[in-house]
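As provided, data-v5.txt (compact mmCIF, C-alpha atoms) reads as follows.
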```txt
# COMPACT_ATOMS: atom_id res chain seq x y z
CA MET B 1 -14.28 16.28 -5.91
CA ALA B 2 -15.26 12.64 -5.46
CA HIS B 3 -13.52 9.65 -6.97
CA ILE B 4 -14.79 8.53 -10.37
CA ARG B 5 -14.96 4.79 -10.87
CA THR B 6 -16.70 2.71 -13.51
CA HIS B 7 -18.65 -0.52 -13.05
CA LYS B 8 -16.61 -3.64 -12.39
CA ILE B 9 -15.59 -5.26 -15.67
CA PHE B 10 -12.78 -7.59 -16.58
CA PRO B 11 -9.71 -5.63 -17.73
CA GLU B 12 -8.74 -5.93 -21.37
CA GLU B 13 -5.47 -7.69 -20.56
CA PHE B 14 -6.74 -10.21 -18.04
CA PRO B 15 -3.53 -12.10 -17.30
CA GLU B 16 -4.84 -15.61 -16.80
CA SER B 17 -1.42 -16.93 -17.79
CA TRP B 18 0.02 -16.02 -14.38
CA ALA B 19 -3.08 -16.35 -12.23
CA SER B 20 -3.58 -19.73 -10.59
CA ASP B 21 -7.12 -18.74 -9.64
CA TRP B 22 -9.33 -15.70 -10.11
CA GLY B 23 -12.85 -14.45 -9.68
CA GLU B 24 -15.11 -11.66 -8.50
CA ASP B 25 -16.63 -11.03 -5.07
CA GLU B 26 -18.25 -8.21 -3.12
CA TYR B 27 -15.02 -6.19 -3.31
CA GLY B 28 -14.46 -6.59 -7.05
CA LEU B 29 -12.13 -8.60 -9.26
CA TRP B 30 -9.31 -10.62 -7.76
CA MET B 31 -6.67 -13.05 -8.92
CA ALA B 32 -3.89 -14.94 -7.20
CA PHE B 33 -0.74 -16.93 -7.83
CA THR B 34 0.73 -19.66 -5.63
CA TYR B 35 4.48 -20.19 -5.39
CA LYS B 36 5.83 -23.16 -3.44
CA GLY B 37 2.59 -23.37 -1.51
CA VAL B 38 2.37 -19.66 -0.65
CA ARG B 39 -0.53 -17.73 -2.14
CA GLN B 40 -0.62 -14.02 -2.98
CA ALA B 41 -3.85 -12.41 -4.13
CA PHE B 42 -4.28 -9.17 -6.06
CA ARG B 43 -7.20 -6.76 -6.44
CA TRP B 44 -8.12 -4.91 -9.62
CA CYS B 45 -8.29 -1.11 -9.35
CA GLU B 46 -10.12 0.46 -12.27
CA PRO B 47 -9.03 3.71 -13.94
CA GLY B 48 -10.27 6.78 -12.14
CA THR B 49 -9.76 10.34 -10.95
CA PHE B 50 -9.28 11.35 -7.32
CA LEU B 51 -7.95 14.10 -5.08
CA MET B 52 -4.50 13.13 -3.82
CA GLY B 53 -3.16 14.78 -0.69
CA SER B 54 -5.23 16.32 2.11
CA PRO B 55 -7.61 19.27 2.42
CA GLU B 56 -6.30 22.28 4.31
CA ASP B 57 -8.58 21.64 7.29
CA GLU B 58 -7.60 17.98 7.85
CA PRO B 59 -6.23 17.50 11.40
CA GLY B 60 -2.64 16.28 11.48
CA ARG B 61 -1.94 17.48 7.96
CA GLU B 62 1.64 18.23 6.95
CA GLU B 63 1.16 21.29 4.79
CA ASP B 64 4.51 21.10 3.01
CA ARG B 65 3.99 17.47 1.92
CA GLU B 66 0.29 17.02 1.25
CA LEU B 67 -0.81 19.68 -1.25
CA GLN B 68 -4.17 18.45 -2.53
CA HIS B 69 -4.30 18.04 -6.30
CA GLU B 70 -6.30 16.15 -8.90
CA VAL B 71 -4.83 12.91 -10.22
CA ASN B 72 -6.14 10.90 -13.13
CA LEU B 73 -5.05 7.26 -13.36
CA SER B 74 -5.84 6.46 -16.97
CA LYS B 75 -5.07 2.74 -16.67
CA GLY B 76 -6.33 0.20 -14.21
CA PHE B 77 -3.84 -1.82 -12.19
CA TRP B 78 -3.50 -4.86 -9.96
CA ILE B 79 -2.32 -4.40 -6.39
CA ALA B 80 -1.72 -7.06 -3.74
CA ASP B 81 -4.42 -7.42 -1.11
CA THR B 82 -1.77 -7.61 1.63
CA PRO B 83 1.83 -6.60 2.19
CA VAL B 84 4.34 -9.32 1.28
CA THR B 85 4.35 -11.91 4.06
CA GLN B 86 7.36 -13.52 5.64
CA ALA B 87 6.20 -16.83 4.16
CA LEU B 88 6.36 -15.50 0.60
CA TRP B 89 9.65 -13.71 1.23
CA GLN B 90 11.21 -16.89 2.61
CA VAL B 91 10.22 -19.15 -0.30
CA VAL B 92 11.56 -16.61 -2.80
CA MET B 93 14.64 -15.23 -1.03
CA GLY B 94 15.53 -18.19 1.19
CA LYS B 95 15.55 -16.41 4.55
CA SER B 96 13.94 -13.59 6.48
CA SER B 97 15.54 -11.22 8.94
CA SER B 98 12.25 -9.80 10.21
CA ARG B 99 12.21 -8.66 13.81
CA PHE B 100 8.71 -9.98 14.53
CA GLU B 101 8.63 -13.55 13.28
CA GLY B 102 5.53 -15.18 11.84
CA GLU B 103 4.74 -16.62 8.42
CA GLU B 104 1.58 -14.54 8.00
CA ARG B 105 3.10 -11.38 9.41
CA PRO B 106 4.49 -8.85 6.94
CA VAL B 107 8.15 -9.06 6.09
CA GLU B 108 9.94 -6.06 7.60
CA GLN B 109 13.45 -4.75 8.00
CA VAL B 110 13.61 -4.62 4.21
CA SER B 111 14.94 -1.68 2.23
CA TRP B 112 13.61 -0.37 -1.07
CA LYS B 113 16.58 -2.09 -2.70
CA ASP B 114 15.69 -5.36 -0.96
CA ALA B 115 12.15 -5.08 -2.31
CA GLN B 116 13.54 -4.57 -5.81
CA ALA B 117 15.76 -7.65 -5.46
CA PHE B 118 12.70 -9.71 -4.47
CA ILE B 119 10.71 -8.36 -7.42
CA ASP B 120 13.57 -8.96 -9.86
CA LYS B 121 13.91 -12.55 -8.68
CA MET B 122 10.19 -13.28 -9.06
CA ASN B 123 10.00 -11.65 -12.48
CA GLY B 124 13.09 -13.58 -13.52
CA MET B 125 11.33 -16.85 -12.74
CA LYS B 126 8.02 -15.85 -14.34
CA PRO B 127 8.32 -12.71 -16.52
CA GLU B 128 4.58 -12.51 -17.23
CA LEU B 129 4.03 -11.54 -13.59
CA ARG B 130 5.48 -8.08 -14.35
CA LEU B 131 5.64 -7.33 -10.64
CA CYS B 132 6.65 -3.92 -9.33
CA LEU B 133 6.04 -1.56 -6.46
CA PRO B 134 2.95 0.64 -6.78
CA THR B 135 3.48 4.28 -7.60
CA GLU B 136 2.63 6.65 -4.79
CA ALA B 137 -0.51 7.76 -6.64
CA GLN B 138 -1.64 4.16 -7.18
CA TRP B 139 -1.03 3.44 -3.51
CA GLU B 140 -3.14 6.35 -2.25
CA TYR B 141 -5.90 5.69 -4.78
CA ALA B 142 -6.11 2.06 -3.61
CA CYS B 143 -5.88 3.02 0.04
CA ARG B 144 -8.71 5.52 -0.18
CA ALA B 145 -11.03 3.17 -2.08
CA GLU B 146 -13.25 6.13 -3.03
CA SER B 147 -13.10 7.73 0.43
CA ILE B 148 -12.25 11.41 0.92
CA THR B 149 -11.83 11.24 4.71
CA PRO B 150 -8.53 10.94 6.66
CA PHE B 151 -8.93 7.14 6.73
CA CYS B 152 -10.70 4.78 4.37
CA TRP B 153 -13.31 4.10 7.08
CA GLY B 154 -13.96 7.74 7.95
CA GLU B 155 -12.72 10.41 10.31
CA GLN B 156 -11.27 8.22 13.07
CA ILE B 157 -9.49 4.94 13.84
CA ASP B 158 -8.70 2.73 16.80
CA SER B 159 -6.70 -0.46 17.31
CA GLU B 160 -9.60 -2.66 16.24
CA LEU B 161 -9.16 -1.23 12.73
CA VAL B 162 -5.47 -0.31 12.57
CA ASN B 163 -2.30 -1.67 14.16
CA PHE B 164 -0.65 1.54 15.38
CA ASN B 165 0.51 3.21 18.59
CA GLY B 166 -2.86 3.55 20.25
CA ASN B 167 -1.34 5.66 23.02
CA TYR B 168 -1.29 8.50 20.48
CA PRO B 169 -4.75 8.48 18.85
CA TYR B 170 -5.77 10.66 15.96
CA ASN B 171 -7.32 14.09 16.52
CA ASN B 172 -8.14 13.71 20.23
CA GLY B 173 -9.66 10.26 19.75
CA ARG B 174 -9.78 7.71 22.54
CA LYS B 175 -6.68 5.74 23.41
CA SER B 176 -6.62 2.09 22.34
CA GLU B 177 -4.26 -0.87 22.36
CA TYR B 178 -0.59 -0.44 21.46
CA ARG B 179 0.58 -3.91 20.42
CA GLU B 180 4.24 -2.90 20.04
CA GLN B 181 4.72 -5.33 17.16
CA THR B 182 3.36 -6.35 13.78
CA ILE B 183 0.34 -8.62 13.40
CA GLU B 184 -0.79 -11.04 10.69
CA VAL B 185 -1.62 -9.32 7.43
CA LYS B 186 -5.30 -10.27 7.44
CA GLU B 187 -5.94 -9.95 11.17
CA LEU B 188 -7.83 -6.65 10.81
CA PRO B 189 -10.64 -5.54 8.44
CA CYS B 190 -9.95 -4.69 4.80
CA ASN B 191 -11.09 -1.54 3.02
CA ASP B 192 -13.97 -1.34 0.55
CA TRP B 193 -11.78 -2.64 -2.28
CA GLY B 194 -10.67 -5.72 -0.35
CA LEU B 195 -7.20 -4.41 0.60
CA HIS B 196 -5.84 -5.18 4.05
CA GLN B 197 -3.78 -2.91 6.30
CA MET B 198 -3.23 0.03 4.02
CA HIS B 199 -3.27 1.86 7.35
CA GLY B 200 -0.73 0.74 9.97
CA ASN B 201 1.23 -2.48 10.60
CA VAL B 202 4.19 -1.66 8.29
CA ARG B 203 5.11 1.36 6.21
CA GLU B 204 5.09 0.35 2.56
CA TRP B 205 7.74 1.31 0.03
CA CYS B 206 6.43 2.91 -3.17
CA GLN B 207 8.26 3.11 -6.48
CA ASP B 208 8.63 6.90 -6.48
CA TRP B 209 11.39 9.21 -5.43
CA PHE B 210 10.02 11.71 -2.91
CA ALA B 211 9.17 15.17 -4.24
CA ASP B 212 6.71 18.00 -3.65
CA TYR B 213 3.32 17.58 -5.28
CA PRO B 214 2.32 19.68 -8.29
CA ALA B 215 -0.43 22.25 -7.87
CA GLN B 216 -2.08 21.45 -11.21
CA PRO B 217 -3.98 18.29 -12.22
CA ILE B 218 -1.75 15.46 -13.40
CA VAL B 219 -2.19 12.20 -15.32
CA ASP B 220 -0.46 8.95 -14.28
CA PRO B 221 2.25 10.51 -12.07
CA GLN B 222 5.45 8.51 -11.71
CA GLY B 223 7.41 10.84 -9.44
CA PRO B 224 10.71 12.48 -10.40
CA GLN B 225 13.41 10.62 -12.33
CA SER B 226 15.93 11.01 -9.51
CA GLY B 227 16.13 12.02 -5.88
CA THR B 228 17.65 11.30 -2.50
CA ASP B 229 14.76 9.52 -0.72
CA ARG B 230 12.06 7.04 -1.66
CA VAL B 231 8.44 7.28 -0.55
CA LEU B 232 6.85 5.07 2.12
CA ARG B 233 3.14 5.07 2.89
CA GLY B 234 0.58 3.86 5.40
CA GLY B 235 2.03 4.35 8.88
CA SER B 236 3.06 1.37 10.99
CA TRP B 237 2.68 -0.57 14.24
CA SER B 238 4.73 2.11 16.02
CA ALA B 239 3.29 5.19 14.28
CA TYR B 240 1.01 7.79 15.85
CA GLY B 241 -2.54 7.98 14.53
CA ARG B 242 -1.94 10.99 12.29
CA ARG B 243 0.85 9.15 10.49
CA CYS B 244 -1.60 6.45 9.39
CA ARG B 245 -3.84 8.81 7.39
CA SER B 246 -4.44 8.07 3.70
CA ALA B 247 -2.56 11.25 2.70
CA SER B 248 0.38 10.90 5.10
CA ARG B 249 3.80 10.61 3.43
CA TYR B 250 7.08 9.32 4.79
CA LEU B 251 10.49 9.20 3.16
CA HIS B 252 13.82 7.50 3.65
CA VAL B 253 16.97 6.58 1.77
CA GLN B 254 16.39 3.52 -0.38
CA SER B 255 19.05 1.42 1.36
CA ASN B 256 17.56 1.79 4.85
CA ARG B 257 16.10 -1.21 6.68
CA HIS B 258 13.79 -0.75 9.64
CA GLY B 259 11.44 -2.89 11.72
CA SER B 260 8.50 -0.86 10.43
CA PHE B 261 9.39 -0.97 6.70
CA GLY B 262 7.73 -3.50 4.39
CA PHE B 263 6.17 -3.45 0.93
CA ARG B 264 3.19 -4.45 -1.19
CA LEU B 265 3.35 -5.75 -4.75
CA ALA B 266 1.64 -4.33 -7.80
CA ARG B 267 1.62 -5.41 -11.43
CA GLY B 268 3.10 -3.20 -14.14
CA HIS B 269 1.90 -2.70 -17.69
```

Turn the structure described in the file into structure tokens.
Amino acid sequence: MAHIRTHKIFPEEFPESWASDWGEDEYGLWMAFTYKGVRQAFRWCEPGTFLMGSPEDEPGREEDRELQHEVNLSKGFWIADTPVTQALWQVVMGKSSSRFEGEERPVEQVSWKDAQAFIDKMNGMKPELRLCLPTEAQWEYACRAESITPFCWGEQIDSELVNFNGNYPYNNGRKSEYREQTIEVKELPCNDWGLHQMHGNVREWCQDWFADYPAQPIVDPQGPQSGTDRVLRGGSWSAYGRRCRSASRYLHVQSNRHGSFGFRLARGH
């Protein structure tokens, strides 16, 4: 089953009140806010239906975590075009404890709880932002950008597309550079919806508690109401190639900080 996506139109609740600039380009609709000189852009993802998880014949698949199932996202959503940078984190939170310093590098060594504190502080200053973490389903939908292959670009990756441990390529691919650190959030190509580094660089916290997928089709999944671990997605600078697949799932306790953990903002309804 392929993704279903309508033509690009302005969403009904176009939130110009919080967008300092907005427009449309070859990737679709975008808008951005600027806070203390630091800009964060968002991309509009239209409602649609897709297959979440991986097919049984996908190399590197984790069978117990990636049951393929149909997901319908009945509402469109805004998602940031990059992970939160150290520059944005610093102007909001006052300091950064990231291991790999650089204003345009992603903030890392942040827990799920740290991400929530950042979001709460921003929403407290400007409630109409309605910032949140993406759900796991929103994250994978945006990552895939209508693709059905292991990666948004196709069957294979290398270090010119993804910042990962190139010593361990995907599915017998060729070895490529292992940078051993994060890179700037827009240093590598974006996907077809204008989103950067959904694969690699830092693992990204999602809103959901981790749980097994349902076998039946589901509408607007939010994950379970409680659990022991939160979901992270996307692989990282230190991850093997198979861990950077669109369907790959990772989990950790929500208080854990790690040099490969970051996050990307979304906008709630």

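Going from atom CA of B:Trp205 to atom CA of B:Asn172 covers 28.5 Å.
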
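Among the candidates B:Ser74, B:Thr228, B:Ser96, B:Thr149, the one nearest to B:Ala137 when counting only C-alpha atoms is B:Ser74.
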
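Nearest residue to B:Gln40, choosing from B:Gly76, B:Arg99, B:Cys190, B:Leu265 and counting all atoms listed in the file: B:Leu265.
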
Do you know which residues are at most 7 Å from B:Tyr27 counting all atoms listed in the file, after dropping those on the same chain fewer than 2 positions away, and could you put them as number ranges by chain?
B: 25, 192-194

Give me, as a PyMOL selection string, all polymer residues having an atom no more than 9 Å from B:Phe151, counting all atoms listed in the file and skipping those fewer than 6 positions away in the same chain.
chain B and resi 143-144+157+199+244-247

Residues within 12 Å of B:Ala211, please, as a PDB file with C-alpha atoms, in the coordinates of the input. Count all atoms listed in the file; anything in the same chain fewer than 3 positions from it doesn't count.
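Dumped everything to out02.pdb:
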```pdb
ATOM      1  CA  ASP B  64       4.510  21.100   3.010  1.00  0.00           C
ATOM      2  CA  ARG B  65       3.990  17.470   1.920  1.00  0.00           C
ATOM      3  CA  GLU B  66       0.290  17.020   1.250  1.00  0.00           C
ATOM      4  CA  LEU B  67      -0.810  19.680  -1.250  1.00  0.00           C
ATOM      5  CA  GLU B 136       2.630   6.650  -4.790  1.00  0.00           C
ATOM      6  CA  ASP B 208       8.630   6.900  -6.480  1.00  0.00           C
ATOM      7  CA  PRO B 214       2.320  19.680  -8.290  1.00  0.00           C
ATOM      8  CA  PRO B 221       2.250  10.510 -12.070  1.00  0.00           C
ATOM      9  CA  GLN B 222       5.450   8.510 -11.710  1.00  0.00           C
ATOM     10  CA  GLY B 223       7.410  10.840  -9.440  1.00  0.00           C
ATOM     11  CA  PRO B 224      10.710  12.480 -10.400  1.00  0.00           C
ATOM     12  CA  GLN B 225      13.410  10.620 -12.330  1.00  0.00           C
ATOM     13  CA  SER B 226      15.930  11.010  -9.510  1.00  0.00           C
ATOM     14  CA  GLY B 227      16.130  12.020  -5.880  1.00  0.00           C
ATOM     15  CA  THR B 228      17.650  11.300  -2.500  1.00  0.00           C
ATOM     16  CA  ASP B 229      14.760   9.520  -0.720  1.00  0.00           C
ATOM     17  CA  ARG B 230      12.060   7.040  -1.660  1.00  0.00           C
ATOM     18  CA  VAL B 231       8.440   7.280  -0.550  1.00  0.00           C
ATOM     19  CA  ARG B 249       3.800  10.610   3.430  1.00  0.00           C
ATOM     20  CA  TYR B 250       7.080   9.320   4.790  1.00  0.00           C
ATOM     21  CA  LEU B 251      10.490   9.200   3.160  1.00  0.00           C
ATOM     22  CA  HIS B 252      13.820   7.500   3.650  1.00  0.00           C
TER      23      HIS B 252
END
```

In the coordinates of the file, take the point (6.0, -10.8, -11.7) and a cut-off of 10 Å; then, counting only C-alpha atoms, name each qualifying protein, DNA or RNA residue as an NGL selection string.
:B and (18 or 33 or 118-132 or 265-268)

Would you mind listing what lies within 9 Å of B:Gly262 as JSON, numbers by chain, with all atoms listed in the file counted and same-chain residues fewer than 6 positions away left out?
{"B": [83, 84, 106, 107, 108, 109, 110, 111, 112, 115, 202, 203, 204, 205, 232]}

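Shortest separation to B:Pro150 among B:Lys75, B:His69, B:Arg61, B:His258 occurs at residue B:Arg61, atoms counted being only C-alpha atoms.
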
Show which residues sit within 8 Å of B:Ser238, as an MDAnalysis selection string. Count only C-alpha atoms, and ignore same-chain residues fewer than 3 positions away.
chainID B and resid 164:165 180:181 201 235 260

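Closest to B:Gly200 among B:Gly166, B:Gly48, B:Gly53, B:Gly37 is B:Gly166, based on all atoms listed in the file.
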
Give me the box for stretch 124-140 of chain B as lines of an AutoDock Vina configuration file, namely the centre and edge lengths in Å to one decimal of a box along x, y and z that holds every listed atom plus 5 Å on each side.
```
center_x = 5.0
center_y = -4.5
center_z = -9.7
size_x = 26.2
size_y = 34.6
size_z = 25.0
```

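Interatomic distance, atom CA of B:Gln68 to atom CA of B:Cys206: 18.8 Å.
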